Amino acid sequence: MHELPITQSILDIALRHGESAKAKKVTHLYIVIGQLSSVIDDSIQFYWDILTKDTIAEGSQLHFERIPAKLACQDCNTNYALEDGSLMPCPECDSISVRVIEGKEFRLDSIEIEEE
């Protein structure tokens, strides 16, 4: 359910930037979501279709880019990708002392508009 306020925030940003650019319409939004993020694409899309009704963003397309998760072993300095999305020990030394270096991202990367 946390996707509703997230989607509202994306819409607020899109409308603010669209209106400041005097856009006739917001046409495309590009969203980056890390593999370890708890954000669900389909939920964002569902709320987007509801929230954008009667705005300059109505009918715009959302494009999702998923960033794979990468970890860094703090014992042997090996960087590695997660295989199935669940945390796993370092493949080099079996240490569980790891930190996430990619995969928790969530951001609105870009917005395309149709100018007046």
# chains A, B, ... in the order shown; residues from 1 in each chain; ligands from 1
$ residues_around --residues "segment 19-26 of chain A" --least-positions-apart "4" --cutoff "9 Å" --atoms "only C-alpha atoms" --output "ChimeraX atom specification"
/A:14-15,55-61,111-116
$ write_last_selection --atoms "N, CA and C atoms" --output "mmCIF file, in the first residue's frame"
data_model
loop_
_atom_site.group_PDB
_atom_site.id
_atom_site.type_symbol
_atom_site.label_atom_id
_atom_site.label_comp_id
_atom_site.auth_asym_id
_atom_site.auth_seq_id
_atom_site.Cartn_x
_atom_site.Cartn_y
_atom_site.Cartn_z
ATOM 1 N N ALA A 14 5.959 15.381 -11.474
ATOM 2 C CA ALA A 14 5.687 15.483 -12.910
ATOM 3 C C ALA A 14 4.839 16.714 -13.223
ATOM 4 N N LEU A 15 3.810 16.957 -12.418
ATOM 5 C CA LEU A 15 2.945 18.115 -12.656
ATOM 6 C C LEU A 15 3.700 19.421 -12.425
ATOM 7 N N THR A 55 -5.649 15.272 -15.357
ATOM 8 C CA THR A 55 -4.438 16.085 -15.218
ATOM 9 C C THR A 55 -3.693 16.061 -16.556
ATOM 10 N N ILE A 56 -2.644 16.870 -16.674
ATOM 11 C CA ILE A 56 -1.848 16.853 -17.906
ATOM 12 C C ILE A 56 -1.026 15.570 -18.038
ATOM 13 N N ALA A 57 -1.034 14.752 -17.020
ATOM 14 C CA ALA A 57 -0.315 13.474 -17.063
ATOM 15 C C ALA A 57 -1.226 12.300 -17.424
ATOM 16 N N GLU A 58 -2.506 12.556 -17.584
ATOM 17 C CA GLU A 58 -3.426 11.465 -17.919
ATOM 18 C C GLU A 58 -3.016 10.830 -19.244
ATOM 19 N N GLY A 59 -2.936 9.509 -19.267
ATOM 20 C CA GLY A 59 -2.564 8.778 -20.471
ATOM 21 C C GLY A 59 -1.061 8.657 -20.692
ATOM 22 N N SER A 60 -0.276 9.227 -19.801
ATOM 23 C CA SER A 60 1.185 9.137 -19.955
ATOM 24 C C SER A 60 1.645 7.706 -19.674
ATOM 25 N N GLN A 61 2.792 7.381 -20.227
ATOM 26 C CA GLN A 61 3.322 6.024 -20.069
ATOM 27 C C GLN A 61 4.449 6.018 -19.044
ATOM 28 N N ILE A 111 11.456 12.853 -17.373
ATOM 29 C CA ILE A 111 10.067 13.123 -17.759
ATOM 30 C C ILE A 111 10.076 13.669 -19.168
ATOM 31 N N GLU A 112 9.203 13.176 -20.022
ATOM 32 C CA GLU A 112 9.031 13.733 -21.360
ATOM 33 C C GLU A 112 7.695 14.436 -21.415
ATOM 34 N N ILE A 113 7.683 15.570 -22.092
ATOM 35 C CA ILE A 113 6.467 16.362 -22.197
ATOM 36 C C ILE A 113 6.173 16.700 -23.645
ATOM 37 N N GLU A 114 4.936 17.107 -23.865
ATOM 38 C CA GLU A 114 4.527 17.655 -25.158
ATOM 39 C C GLU A 114 4.311 19.139 -24.908
ATOM 40 N N GLU A 115 5.046 19.953 -25.652
ATOM 41 C CA GLU A 115 4.960 21.396 -25.412
ATOM 42 C C GLU A 115 3.744 21.994 -26.100
ATOM 43 N N GLU A 116 3.328 23.144 -25.578
ATOM 44 C CA GLU A 116 2.163 23.836 -26.145
ATOM 45 C C GLU A 116 2.467 24.382 -27.509
#
$ residues_around --residues "segment 83-100 of chain A" --least-positions-apart "5" --cutoff "10 Å" --atoms "only C-alpha atoms" --output "PyMOL selection string"
chain A and resi 35-36+68-78
$ closest_residue --among "A:Asp12, A:Glu102, A:Asp54, A:Glu65" --to "Tyr80 of chain A" --atoms "only C-alpha atoms"
A:Glu102
$ residues_around --residues "Thr7 of chain A" --least-positions-apart "2" --cutoff "9 Å" --atoms "only C-alpha atoms" --output "ChimeraX atom specification"
/A:2-5,9-12,43-45,47-48,51
$ write_last_selection --atoms "C-alpha atoms" --output "PDB file, in the first residue's frame"
ATOM      1  CA  HIS A   2       3.000   2.331   0.301  1.00  0.00           C
ATOM      2  CA  GLU A   3       2.912   2.656  -3.497  1.00  0.00           C
ATOM      3  CA  LEU A   4      -0.021   5.100  -3.264  1.00  0.00           C
ATOM      4  CA  PRO A   5       1.924   7.921  -1.555  1.00  0.00           C
ATOM      5  CA  SER A   9       4.812  12.071  -5.082  1.00  0.00           C
ATOM      6  CA  ILE A  10       5.827  11.080  -8.623  1.00  0.00           C
ATOM      7  CA  LEU A  11       2.709  12.774  -9.958  1.00  0.00           C
ATOM      8  CA  ASP A  12       3.374  15.916  -7.926  1.00  0.00           C
ATOM      9  CA  SER A  43       0.996  -1.136  -8.115  1.00  0.00           C
ATOM     10  CA  ILE A  44       2.620   2.108  -9.230  1.00  0.00           C
ATOM     11  CA  GLN A  45       0.952   1.714 -12.631  1.00  0.00           C
ATOM     12  CA  TYR A  47      -2.355   4.068  -8.845  1.00  0.00           C
ATOM     13  CA  TRP A  48      -0.905   6.162 -11.667  1.00  0.00           C
ATOM     14  CA  LEU A  51      -4.358   9.600  -9.846  1.00  0.00           C
TER      15      LEU A  51
END
$ closest_residue --among "A:Leu29, A:Glu105, A:Ile6, A:Phe46" --to "His63 of chain A" --atoms "only C-alpha atoms"
A:Leu29
$ select_by_dssp --residues "chain A" --states "strand (DSSP E or B)" --output "PyMOL selection string"
chain A and resi 23-34+61-67+70-73+79-81+98-102+106-115
$ residues_around --residues "Ile31 of chain A" --least-positions-apart "3" --cutoff "8 Å" --atoms "only C-alpha atoms" --output "PyMOL selection string"
chain A and resi 62-65+106-110
$ select_by_dssp --residues "chain A" --states "alpha helix (DSSP H)" --output "MDAnalysis selection string"
chainID A and resid 3:20 41:51
$ atom_distance --atom1 "atom CA of Ala81 of chain A" --atom2 "atom CA of Val32 of chain A"
17.6 Å
$ atom_distance --atom1 "atom CA of Lys104 of chain A" --atom2 "atom CA of Ile33 of chain A"
7.4 Å
$ atom_distance --atom1 "atom CA of Gly34 of chain A" --atom2 "atom CA of Lys53 of chain A"
27.7 Å
